[in-house]
file final-v3.txt (compact mmCIF, C-alpha atoms)
# COMPACT_ATOMS: atom_id res chain seq x y z
CA MET A 36 10.76 11.10 6.03
CA ALA A 37 8.80 12.41 8.94
CA GLY A 38 8.93 11.04 12.42
CA GLU A 39 7.32 11.34 15.78
CA VAL A 40 8.64 11.92 19.25
CA GLU A 41 6.16 10.82 21.89
CA VAL A 42 5.44 9.63 25.37
CA LYS A 43 2.26 8.18 26.78
CA ALA A 44 0.78 7.44 30.20
CA ARG A 45 -2.20 5.63 31.58
CA VAL A 46 -4.82 8.01 33.01
CA GLU A 47 -7.82 7.58 35.28
CA SER A 48 -10.20 9.76 33.36
CA ARG A 49 -10.06 11.25 29.87
CA GLU A 50 -12.84 13.71 30.75
CA LYS A 51 -10.92 15.15 33.69
CA LEU A 52 -7.75 15.52 31.62
CA ALA A 53 -9.67 17.09 28.71
CA LYS A 54 -10.86 19.82 31.09
CA LYS A 55 -7.33 20.30 32.38
CA ILE A 56 -5.96 20.67 28.83
CA GLU A 57 -8.60 23.23 27.94
CA SER A 58 -8.01 25.15 31.18
CA LEU A 59 -4.34 25.44 30.11
CA GLY A 60 -5.35 26.94 26.76
CA GLY A 61 -5.26 23.71 24.75
CA ARG A 62 -7.53 23.55 21.72
CA PHE A 63 -9.71 20.53 20.90
CA THR A 64 -9.16 19.59 17.23
CA ARG A 65 -11.01 16.32 16.58
CA GLU A 66 -12.56 13.16 17.92
CA VAL A 67 -12.09 10.08 15.79
CA ALA A 68 -12.54 6.31 15.93
CA GLN A 69 -9.38 4.48 14.87
CA GLU A 70 -9.01 0.88 13.83
CA ASP A 71 -5.39 -0.25 13.50
CA VAL A 72 -4.41 -3.50 11.83
CA TYR A 73 -0.84 -4.62 12.56
CA PHE A 74 0.73 -7.19 10.28
CA ILE A 75 3.12 -10.11 10.70
CA HIS A 76 5.74 -10.13 7.93
CA PRO A 77 6.04 -13.48 6.08
CA CYS A 78 9.81 -13.74 6.63
CA ARG A 79 10.96 -10.97 8.95
CA ASN A 80 10.46 -10.69 12.64
CA LEU A 81 9.24 -7.10 12.73
CA ARG A 82 8.89 -7.24 16.50
CA GLU A 83 12.54 -8.23 16.95
CA ARG A 84 13.59 -5.51 14.52
CA ASP A 85 11.38 -3.07 16.45
CA GLU A 86 9.52 -2.23 13.26
CA ALA A 87 5.82 -2.30 12.49
CA LEU A 88 3.45 -2.24 9.53
CA ARG A 89 0.11 -0.69 10.35
CA LEU A 90 -3.04 -0.09 8.36
CA ARG A 91 -5.23 2.51 10.06
CA ARG A 92 -8.83 3.39 9.34
CA GLU A 93 -10.00 6.65 10.89
CA GLY A 94 -13.13 8.46 9.87
CA GLY A 95 -13.35 7.96 6.12
CA GLU A 96 -9.58 7.69 5.65
CA CYS A 97 -7.14 4.78 5.50
CA ILE A 98 -3.44 5.19 6.12
CA LEU A 99 -0.69 2.62 5.65
CA THR A 100 2.33 3.25 7.87
CA PHE A 101 5.74 1.68 8.20
CA LYS A 102 7.23 2.41 11.60
CA GLY A 103 10.98 2.17 11.92
CA LYS A 104 13.07 1.18 14.90
CA ARG A 105 12.80 3.36 18.00
CA VAL A 106 15.88 5.44 18.65
CA GLY A 107 14.90 7.07 21.96
CA LYS A 108 14.56 5.64 25.43
CA GLU A 109 12.87 8.27 27.60
CA ALA A 110 10.77 9.50 24.68
CA LYS A 111 9.83 7.33 21.74
CA ILE A 112 11.43 8.59 18.53
CA ARG A 113 10.84 6.65 15.36
CA GLU A 114 10.76 7.11 11.64
CA GLU A 115 7.39 6.79 9.96
CA ILE A 116 6.55 6.40 6.30
CA GLU A 117 2.89 6.99 5.50
CA VAL A 118 0.63 6.71 2.49
CA ARG A 119 -3.07 7.24 2.20
CA VAL A 120 -4.88 4.31 0.56
CA ASP A 121 -8.44 4.39 -0.75
CA ASP A 122 -9.62 0.91 0.25
CA PHE A 123 -9.15 -0.67 3.69
CA GLU A 124 -10.26 -4.19 2.72
CA ALA A 125 -8.38 -4.29 -0.59
CA THR A 126 -5.15 -3.17 1.13
CA GLN A 127 -5.54 -5.97 3.67
CA ASN A 128 -6.18 -8.39 0.80
CA ILE A 129 -3.03 -7.34 -1.05
CA PHE A 130 -0.90 -7.92 2.06
CA SER A 131 -2.66 -11.19 2.75
CA GLN A 132 -1.88 -12.35 -0.81
CA LEU A 133 1.76 -11.38 -0.20
CA GLY A 134 1.85 -13.66 2.84
CA PHE A 135 1.38 -11.07 5.59
CA GLU A 136 -0.88 -12.06 8.47
CA LYS A 137 -2.87 -9.93 10.86
CA LEU A 138 -1.15 -9.74 14.24
CA PHE A 139 -3.57 -7.51 16.12
CA ILE A 140 -6.42 -5.16 15.52
CA ILE A 141 -6.43 -2.24 17.94
CA ARG A 142 -9.59 -0.18 18.22
CA LYS A 143 -9.65 3.11 20.02
CA SER A 144 -11.49 6.35 20.32
CA ARG A 145 -9.15 9.35 20.19
CA LYS A 146 -9.65 12.99 21.13
CA ASP A 147 -6.92 15.33 19.89
CA PHE A 148 -5.89 18.65 21.38
CA LEU A 149 -3.20 21.16 20.46
CA LEU A 150 -1.15 22.60 23.32
CA ASP A 151 2.22 24.34 23.22
CA GLY A 152 2.88 23.06 19.67
CA ALA A 153 2.32 19.43 20.67
CA THR A 154 -0.56 17.10 19.86
CA ILE A 155 -2.18 15.64 22.94
CA SER A 156 -4.32 12.60 22.30
CA LEU A 157 -6.74 11.23 24.85
CA ASP A 158 -7.27 7.61 23.91
CA SER A 159 -9.76 5.02 25.06
CA VAL A 160 -8.29 1.74 23.85
CA GLU A 161 -10.44 -1.41 23.62
CA GLY A 162 -9.11 -3.95 26.10
CA LEU A 163 -6.45 -1.63 27.54
CA GLY A 164 -8.08 1.42 29.10
CA GLU A 165 -7.54 5.19 28.90
CA PHE A 166 -4.31 6.94 28.00
CA VAL A 167 -2.80 10.30 27.22
CA GLU A 168 -0.24 10.53 24.44
CA ILE A 169 1.90 13.64 23.96
CA GLU A 170 3.51 13.90 20.56
CA VAL A 171 5.68 16.29 18.60
CA MET A 172 6.11 15.74 14.89
CA VAL A 173 9.60 16.01 13.45
CA PRO A 174 9.50 17.05 9.79
CA SER A 175 12.61 15.08 8.90
CA MET A 176 14.17 12.08 10.59
CA LYS A 177 17.47 12.49 8.82
CA LYS A 178 20.36 10.99 10.71
CA ASP A 179 21.97 14.31 11.57
CA ILE A 180 18.78 15.55 13.21
CA VAL A 181 18.21 12.39 15.24
CA GLU A 182 21.86 12.39 16.23
CA ASP A 183 21.68 16.04 17.22
CA ALA A 184 21.49 15.20 20.90
CA ASN A 185 20.75 18.78 21.85
CA HIS A 186 17.77 19.04 19.53
CA MET A 187 16.35 15.69 20.65
CA GLN A 188 16.95 16.58 24.29
CA GLU A 189 15.04 19.79 23.74
CA LEU A 190 12.07 17.91 22.20
CA LYS A 191 12.04 15.48 25.13
CA ARG A 192 12.18 18.34 27.61
CA LYS A 193 9.21 19.86 25.83
CA LEU A 194 7.18 16.63 26.14
CA PHE A 195 8.10 16.25 29.81
CA ALA A 196 7.23 19.89 30.53
CA ILE A 197 3.79 19.39 28.98
CA ALA A 198 3.28 16.21 31.00
CA GLU A 199 4.12 18.19 34.11
CA ARG A 200 1.65 20.93 33.22
CA LEU A 201 -0.99 18.22 32.78
CA GLU A 202 -0.02 16.83 36.20
CA VAL A 203 0.84 13.45 34.71
CA PRO A 204 3.55 12.01 37.01
CA THR A 205 6.86 11.48 35.18
CA GLU A 206 7.19 7.93 36.54
CA ARG A 207 4.00 6.97 34.69
CA LEU A 208 5.35 8.02 31.29
CA THR A 209 6.17 5.16 28.98
CA THR A 210 7.38 4.63 25.42
CA GLU A 211 5.59 1.29 25.17
CA SER A 212 3.20 1.03 22.24
CA TYR A 213 -0.42 -0.15 22.45
CA LEU A 214 0.67 -3.04 20.27
CA GLU A 215 3.24 -4.11 22.87
CA MET A 216 0.75 -3.69 25.72
CA LEU A 217 -1.78 -5.85 23.92
CA ALA A 218 0.93 -8.34 22.98
CA SER A 219 2.08 -8.77 26.58
CA LYS A 220 -1.58 -9.19 27.63
CA SER A 221 -1.98 -12.09 25.20
CA SER A 222 1.59 -13.29 24.94
CA SER A 223 0.58 -16.68 23.61
CA SER A 224 -0.47 -15.30 20.24
CA ILE A 225 2.50 -12.98 19.77
CA ASP A 226 4.94 -15.74 20.66
CA ARG A 227 4.10 -17.37 17.38
CA ARG A 228 6.68 -15.06 15.83
CA MET B 275 -12.36 -9.05 -6.59
CA ALA B 276 -12.24 -7.83 -10.11
CA GLY B 277 -10.20 -9.35 -12.87
CA GLU B 278 -9.17 -8.85 -16.43
CA VAL B 279 -9.31 -11.00 -19.51
CA GLU B 280 -6.90 -9.82 -22.16
CA VAL B 281 -4.74 -10.54 -25.17
CA LYS B 282 -2.05 -8.42 -26.72
CA ALA B 283 -0.09 -8.32 -29.98
CA ARG B 284 2.86 -6.46 -31.36
CA VAL B 285 1.86 -3.91 -34.03
CA GLU B 286 3.77 -1.99 -36.66
CA SER B 287 2.09 1.35 -36.12
CA ARG B 288 -0.11 2.68 -33.33
CA GLU B 289 -1.28 5.54 -35.56
CA LYS B 290 -2.54 3.23 -38.27
CA LEU B 291 -4.38 1.06 -35.77
CA ALA B 292 -5.87 4.12 -34.03
CA LYS B 293 -7.44 5.15 -37.34
CA LYS B 294 -8.73 1.62 -37.88
CA ILE B 295 -10.34 1.56 -34.40
CA GLU B 296 -12.05 4.89 -35.01
CA SER B 297 -13.25 3.82 -38.45
CA LEU B 298 -14.95 0.85 -36.73
CA GLY B 299 -16.78 3.19 -34.35
CA GLY B 300 -14.30 2.94 -31.47
CA ARG B 301 -14.11 5.95 -29.14
CA PHE B 302 -10.83 7.44 -27.92
CA THR B 303 -11.01 7.86 -24.12
CA ARG B 304 -7.57 8.94 -22.91
CA GLU B 305 -3.84 9.16 -23.50
CA VAL B 306 -1.68 8.64 -20.46
CA ALA B 307 1.95 8.08 -19.50
CA GLN B 308 2.34 5.05 -17.24
CA GLU B 309 5.29 4.15 -15.05
CA ASP B 310 5.06 0.66 -13.57
CA VAL B 311 7.34 -0.53 -10.79
CA TYR B 312 7.37 -4.30 -10.29
CA PHE B 313 8.69 -5.68 -7.02
CA ILE B 314 10.69 -8.72 -5.95
CA HIS B 315 9.21 -10.27 -2.78
CA PRO B 316 11.76 -10.79 0.04
CA CYS B 317 10.89 -14.48 0.47
CA ARG B 318 8.52 -15.58 -2.27
CA ASN B 319 9.29 -16.18 -5.87
CA LEU B 320 6.39 -14.22 -7.35
CA ARG B 321 7.50 -15.11 -10.87
CA GLU B 322 7.33 -18.84 -10.13
CA ARG B 323 3.94 -18.36 -8.49
CA ASP B 324 2.87 -16.35 -11.55
CA GLU B 325 1.97 -13.43 -9.30
CA ALA B 326 3.07 -9.81 -9.43
CA LEU B 327 3.09 -6.71 -7.26
CA ARG B 328 2.95 -3.52 -9.27
CA LEU B 329 2.96 0.15 -8.34
CA ARG B 330 1.69 2.27 -11.22
CA ARG B 331 1.87 6.02 -11.66
CA GLU B 332 -0.37 7.39 -14.38
CA GLY B 333 -1.26 11.03 -14.74
CA GLY B 334 -1.56 12.28 -11.18
CA GLU B 335 -2.66 8.91 -9.79
CA CYS B 336 -0.82 6.00 -8.18
CA ILE B 337 -2.27 2.51 -8.02
CA LEU B 338 -0.91 -0.48 -6.14
CA THR B 339 -1.96 -3.80 -7.71
CA PHE B 340 -1.56 -7.42 -6.74
CA LYS B 341 -1.93 -9.67 -9.76
CA GLY B 342 -2.85 -13.28 -9.13
CA LYS B 343 -1.93 -16.37 -11.08
CA ARG B 344 -3.12 -16.53 -14.68
CA VAL B 345 -5.90 -19.04 -15.26
CA GLY B 346 -6.31 -18.77 -19.04
CA LYS B 347 -4.08 -19.90 -21.87
CA GLU B 348 -5.41 -18.37 -25.07
CA ALA B 349 -6.53 -15.25 -23.23
CA LYS B 350 -4.93 -14.00 -20.05
CA ILE B 351 -7.35 -14.15 -17.13
CA ARG B 352 -6.10 -13.11 -13.73
CA GLU B 353 -7.37 -11.76 -10.48
CA GLU B 354 -6.36 -8.21 -9.59
CA ILE B 355 -6.58 -6.41 -6.28
CA GLU B 356 -6.12 -2.66 -6.56
CA VAL B 357 -5.82 0.30 -4.21
CA ARG B 358 -5.15 3.90 -4.97
CA VAL B 359 -2.26 5.36 -2.95
CA ASP B 360 -1.48 9.05 -2.60
CA ASP B 361 2.32 8.95 -2.71
CA PHE B 362 4.42 7.06 -5.27
CA GLU B 363 7.78 7.51 -3.52
CA ALA B 364 6.49 6.79 -0.02
CA THR B 365 4.81 3.58 -1.20
CA GLN B 366 8.08 2.43 -2.76
CA ASN B 367 9.86 3.32 0.49
CA ILE B 368 7.45 1.27 2.59
CA PHE B 369 8.00 -1.80 0.40
CA SER B 370 11.73 -1.21 0.38
CA GLN B 371 11.73 -1.10 4.22
CA LEU B 372 9.78 -4.38 4.18
CA GLY B 373 12.55 -5.99 2.11
CA PHE B 374 10.96 -5.77 -1.34
CA GLU B 375 13.28 -4.83 -4.20
CA LYS B 376 12.51 -3.23 -7.52
CA LEU B 377 12.55 -5.82 -10.30
CA PHE B 378 11.74 -3.62 -13.29
CA ILE B 379 10.37 -0.24 -14.12
CA ILE B 380 8.26 -0.26 -17.26
CA ARG B 381 7.47 3.06 -18.89
CA LYS B 382 4.90 3.36 -21.59
CA SER B 383 2.60 5.76 -23.32
CA ARG B 384 -0.94 4.40 -23.61
CA LYS B 385 -3.91 5.46 -25.73
CA ASP B 386 -7.22 3.91 -24.71
CA PHE B 387 -10.26 3.34 -26.90
CA LEU B 388 -13.64 1.77 -26.22
CA LEU B 389 -14.97 -0.64 -28.84
CA ASP B 390 -17.69 -3.28 -28.52
CA GLY B 391 -17.55 -3.11 -24.71
CA ALA B 392 -13.80 -3.80 -24.62
CA THR B 393 -10.92 -1.47 -23.79
CA ILE B 394 -8.34 -1.30 -26.55
CA SER B 395 -4.99 0.11 -25.48
CA LEU B 396 -2.37 1.19 -27.96
CA ASP B 397 0.91 1.09 -26.07
CA SER B 398 4.36 2.36 -26.88
CA VAL B 399 6.60 0.58 -24.38
CA GLU B 400 10.13 1.84 -23.68
CA GLY B 401 12.62 -0.77 -24.86
CA LEU B 402 9.95 -3.08 -26.30
CA GLY B 403 8.03 -1.35 -29.07
CA GLU B 404 4.38 -0.83 -29.95
CA PHE B 405 1.50 -3.09 -28.95
CA VAL B 406 -2.25 -3.40 -28.94
CA GLU B 407 -3.94 -4.82 -25.87
CA ILE B 408 -7.59 -5.86 -25.92
CA GLU B 409 -9.17 -6.21 -22.51
CA VAL B 410 -12.51 -7.01 -20.97
CA MET B 411 -13.03 -6.37 -17.28
CA VAL B 412 -14.74 -9.06 -15.26
CA PRO B 413 -16.51 -7.59 -12.24
CA SER B 414 -15.94 -10.66 -10.10
CA MET B 415 -13.28 -13.36 -10.34
CA LYS B 416 -15.18 -15.74 -8.09
CA LYS B 417 -14.29 -19.35 -8.71
CA ASP B 418 -17.66 -20.27 -10.19
CA ILE B 419 -17.36 -17.55 -12.82
CA VAL B 420 -13.79 -18.44 -13.82
CA GLU B 421 -14.75 -22.10 -13.90
CA ASP B 422 -17.80 -21.36 -15.99
CA ALA B 423 -16.11 -22.53 -19.17
CA ASN B 424 -18.95 -21.26 -21.34
CA HIS B 425 -18.75 -17.76 -19.94
CA MET B 426 -14.94 -17.62 -20.25
CA GLN B 427 -15.12 -19.07 -23.77
CA GLU B 428 -17.56 -16.34 -24.67
CA LEU B 429 -15.24 -13.61 -23.35
CA LYS B 430 -12.30 -15.08 -25.28
CA ARG B 431 -14.40 -15.28 -28.43
CA LYS B 432 -15.25 -11.63 -27.95
CA LEU B 433 -11.56 -10.65 -27.68
CA PHE B 434 -10.65 -12.73 -30.73
CA ALA B 435 -13.52 -11.25 -32.73
CA ILE B 436 -12.30 -7.74 -31.94
CA ALA B 437 -8.74 -8.69 -32.91
CA GLU B 438 -10.13 -9.96 -36.21
CA ARG B 439 -12.03 -6.73 -36.83
CA LEU B 440 -8.78 -4.84 -36.16
CA GLU B 441 -7.03 -7.14 -38.64
CA VAL B 442 -4.57 -8.30 -36.02
CA PRO B 443 -3.59 -11.87 -37.06
CA THR B 444 -4.62 -14.47 -34.46
CA GLU B 445 -1.15 -16.05 -34.50
CA ARG B 446 0.33 -12.81 -33.23
CA LEU B 447 -1.87 -12.72 -30.13
CA THR B 448 -0.05 -13.46 -26.91
CA THR B 449 -0.79 -13.57 -23.19
CA GLU B 450 2.78 -12.67 -22.31
CA SER B 451 3.13 -9.63 -20.06
CA TYR B 452 5.44 -6.68 -20.71
CA LEU B 453 7.23 -7.71 -17.54
CA GLU B 454 7.97 -11.14 -19.04
CA MET B 455 9.06 -9.64 -22.35
CA LEU B 456 11.46 -7.29 -20.58
CA ALA B 457 12.63 -10.12 -18.34
CA SER B 458 13.49 -12.38 -21.25
CA LYS B 459 15.31 -9.46 -22.93
CA SER B 460 17.53 -9.03 -19.88
CA SER B 461 17.43 -12.53 -18.46
CA SER B 462 20.59 -12.00 -16.43
CA SER B 463 18.85 -9.64 -14.04
CA ILE B 464 15.69 -11.69 -13.62
CA ASP B 465 17.66 -14.87 -12.99
CA ARG B 466 18.65 -13.42 -9.67
CA ARG B 467 15.36 -14.83 -8.43
call {"tool": "encode", "arguments": {"input": "final-v3.txt", "output": "structure tokens"}}
result
Amino acid sequence: MAGEVEVKARVESREKLAKKIESLGGRFTREVAQEDVYFIHPCRNLRERDEALRLRREGGECILTFKGKRVGKEAKIREEIEVRVDDFEATQNIFSQLGFEKLFIIRKSRKDFLLDGATISLDSVEGLGEFVEIEVMVPSMKKDIVEDANHMQELKRKLFAIAERLEVPTERLTTESYLEMLASKSSSSIDRR
Amino acid sequence: MAGEVEVKARVESREKLAKKIESLGGRFTREVAQEDVYFIHPCRNLRERDEALRLRREGGECILTFKGKRVGKEAKIREEIEVRVDDFEATQNIFSQLGFEKLFIIRKSRKDFLLDGATISLDSVEGLGEFVEIEVMVPSMKKDIVEDANHMQELKRKLFAIAERLEVPTERLTTESYLEMLASKSSSSIDRR
């Protein structure tokens, strides 16, 4: 199972940061509209377990993702299981029939860049604002790799070094997800579970 | 949402029936190995609700299907919601992480024929034997169509007429699913839910 190690930070201007990335030799790879549906499990508190089930539509593709518990503090490290599905509505219908409810829909526009082996995403998130996300993919999230403190420390150092090159202040970096930010904005609806 | 109207019957020999179908003008369309994983819901008794969640692998394809409650008696009529997924193992892993367990895996070899607008499947099911399944797809399972007794009666008549042409005795026709047949064979394991 693959995983991701990431940090994000609120930014003033995506345009300014895009120029900065390119001036450092970063390469623009894509711009895509993403629509993320997060589900409420019929009998498990995914939020309490720090897990999430997400159905993403981006471009013509739909991806269903289970996100496992975070294991990092300074950088967000979590297991992800992904499958591509061919029908966004039908997938929602199947989960609805199984008793899952929609928790939130997060819509964002994302611009991706490659820099120093990391993916840098400049996101404009509906209702939240503009963010930079720096992410390194980990091919396997096997226990021995995650528990290899040296290896994880090295990945975190890499993310922090990139943030520094982008002149994103370390104190602004967060491991909070957009889902959590939206949830704390409208805490009444998330408190249902 | 699409649906299916079907009946099945145990047969002595797939080969003999295949010849019969072709002698009646039926057209062979495909032969495929199918592996069906049925899931136990973490907090709903799908069996009691007469629902099912199935992940099928056939040829290079994987299809996730929610099957709704049966509404017919003589012929099996049920709503189906389907999505194609691109990874059989990952899909199982996602459901496993969500607390779903595997109930049964049904493996069969299926030969499909088209005759009189119906799909005729000749199945050899591991642990169960050989069967013929006669199925008509219904493009929409909207309430008004299912409740249109005349229309449903007509579809059933069509299935029964085909069974007669195939010389499958009416008293052998059943709406029981392979899942139910396997479950009653090994009732100890299904009684867990």
call {"tool": "axis_aligned_box", "arguments": {"input": "final-v3.txt", "around": "segment 44-49 of chain A", "padding_each_side": "6 Å", "output": "JSON"}}
result
{"center_x": -4.7, "center_y": 8.4, "center_z": 32.6, "size_x": 23.0, "size_y": 17.6, "size_z": 17.4}
call {"tool": "closest_atom_pairs", "arguments": {"input": "final-v3.txt", "of": "segment 333-405 of chain B", "to": "segment 91-111 of chain A", "cutoff": "9 Å", "atoms": "only C-alpha atoms", "output": "CSV"}}
result
residue,atom,partner,partner_atom,distance
B:Thr365,CA,A:Leu99,CA,8.8
B:Asn367,CA,A:Phe101,CA,8.9
B:Ile368,CA,A:Phe101,CA,5.9
B:Phe369,CA,A:Phe101,CA,8.8
B:Gln371,CA,A:Phe101,CA,7.7
B:Leu372,CA,A:Phe101,CA,8.3
call {"tool": "residues_around", "arguments": {"input": "final-v3.txt", "residues": "segment 183-200 of chain A", "least_positions_apart": "3", "cutoff": "10 Å", "atoms": "all atoms listed in the file", "output": "ChimeraX atom specification"}}
result
/A:40-44,55-56,59,107,109-112,150-155,167-173,178-180,203-205,207-208
call {"tool": "interface_residues", "arguments": {"input": "final-v3.txt", "of": "chain B", "to": "chain A", "cutoff": "6 Å", "atoms": "all atoms listed in the file", "output": "VMD selection string"}}
result
chain B and resid 340 357 to 361 368
call {"tool": "atom_distance", "arguments": {"input": "final-v3.txt", "atom1": "atom CA of Phe74 of chain A", "atom2": "atom CA of Ile141 of chain A"}}
result
11.6 Å
call {"tool": "atom_distance", "arguments": {"input": "final-v3.txt", "atom1": "atom CA of Leu217 of chain A", "atom2": "atom CA of Asp71 of chain A"}}
result
12.4 Å
call {"tool": "atom_distance", "arguments": {"input": "final-v3.txt", "atom1": "atom CA of Arg145 of chain A", "atom2": "atom CA of Ser221 of chain A"}}
result
23.2 Å
call {"tool": "closest_residue", "arguments": {"input": "final-v3.txt", "among": "B:Arg381, B:Tyr312, B:Ser297, B:Asp324", "to": "Glu450 of chain B", "atoms": "all atoms listed in the file"}}
result
B:Asp324
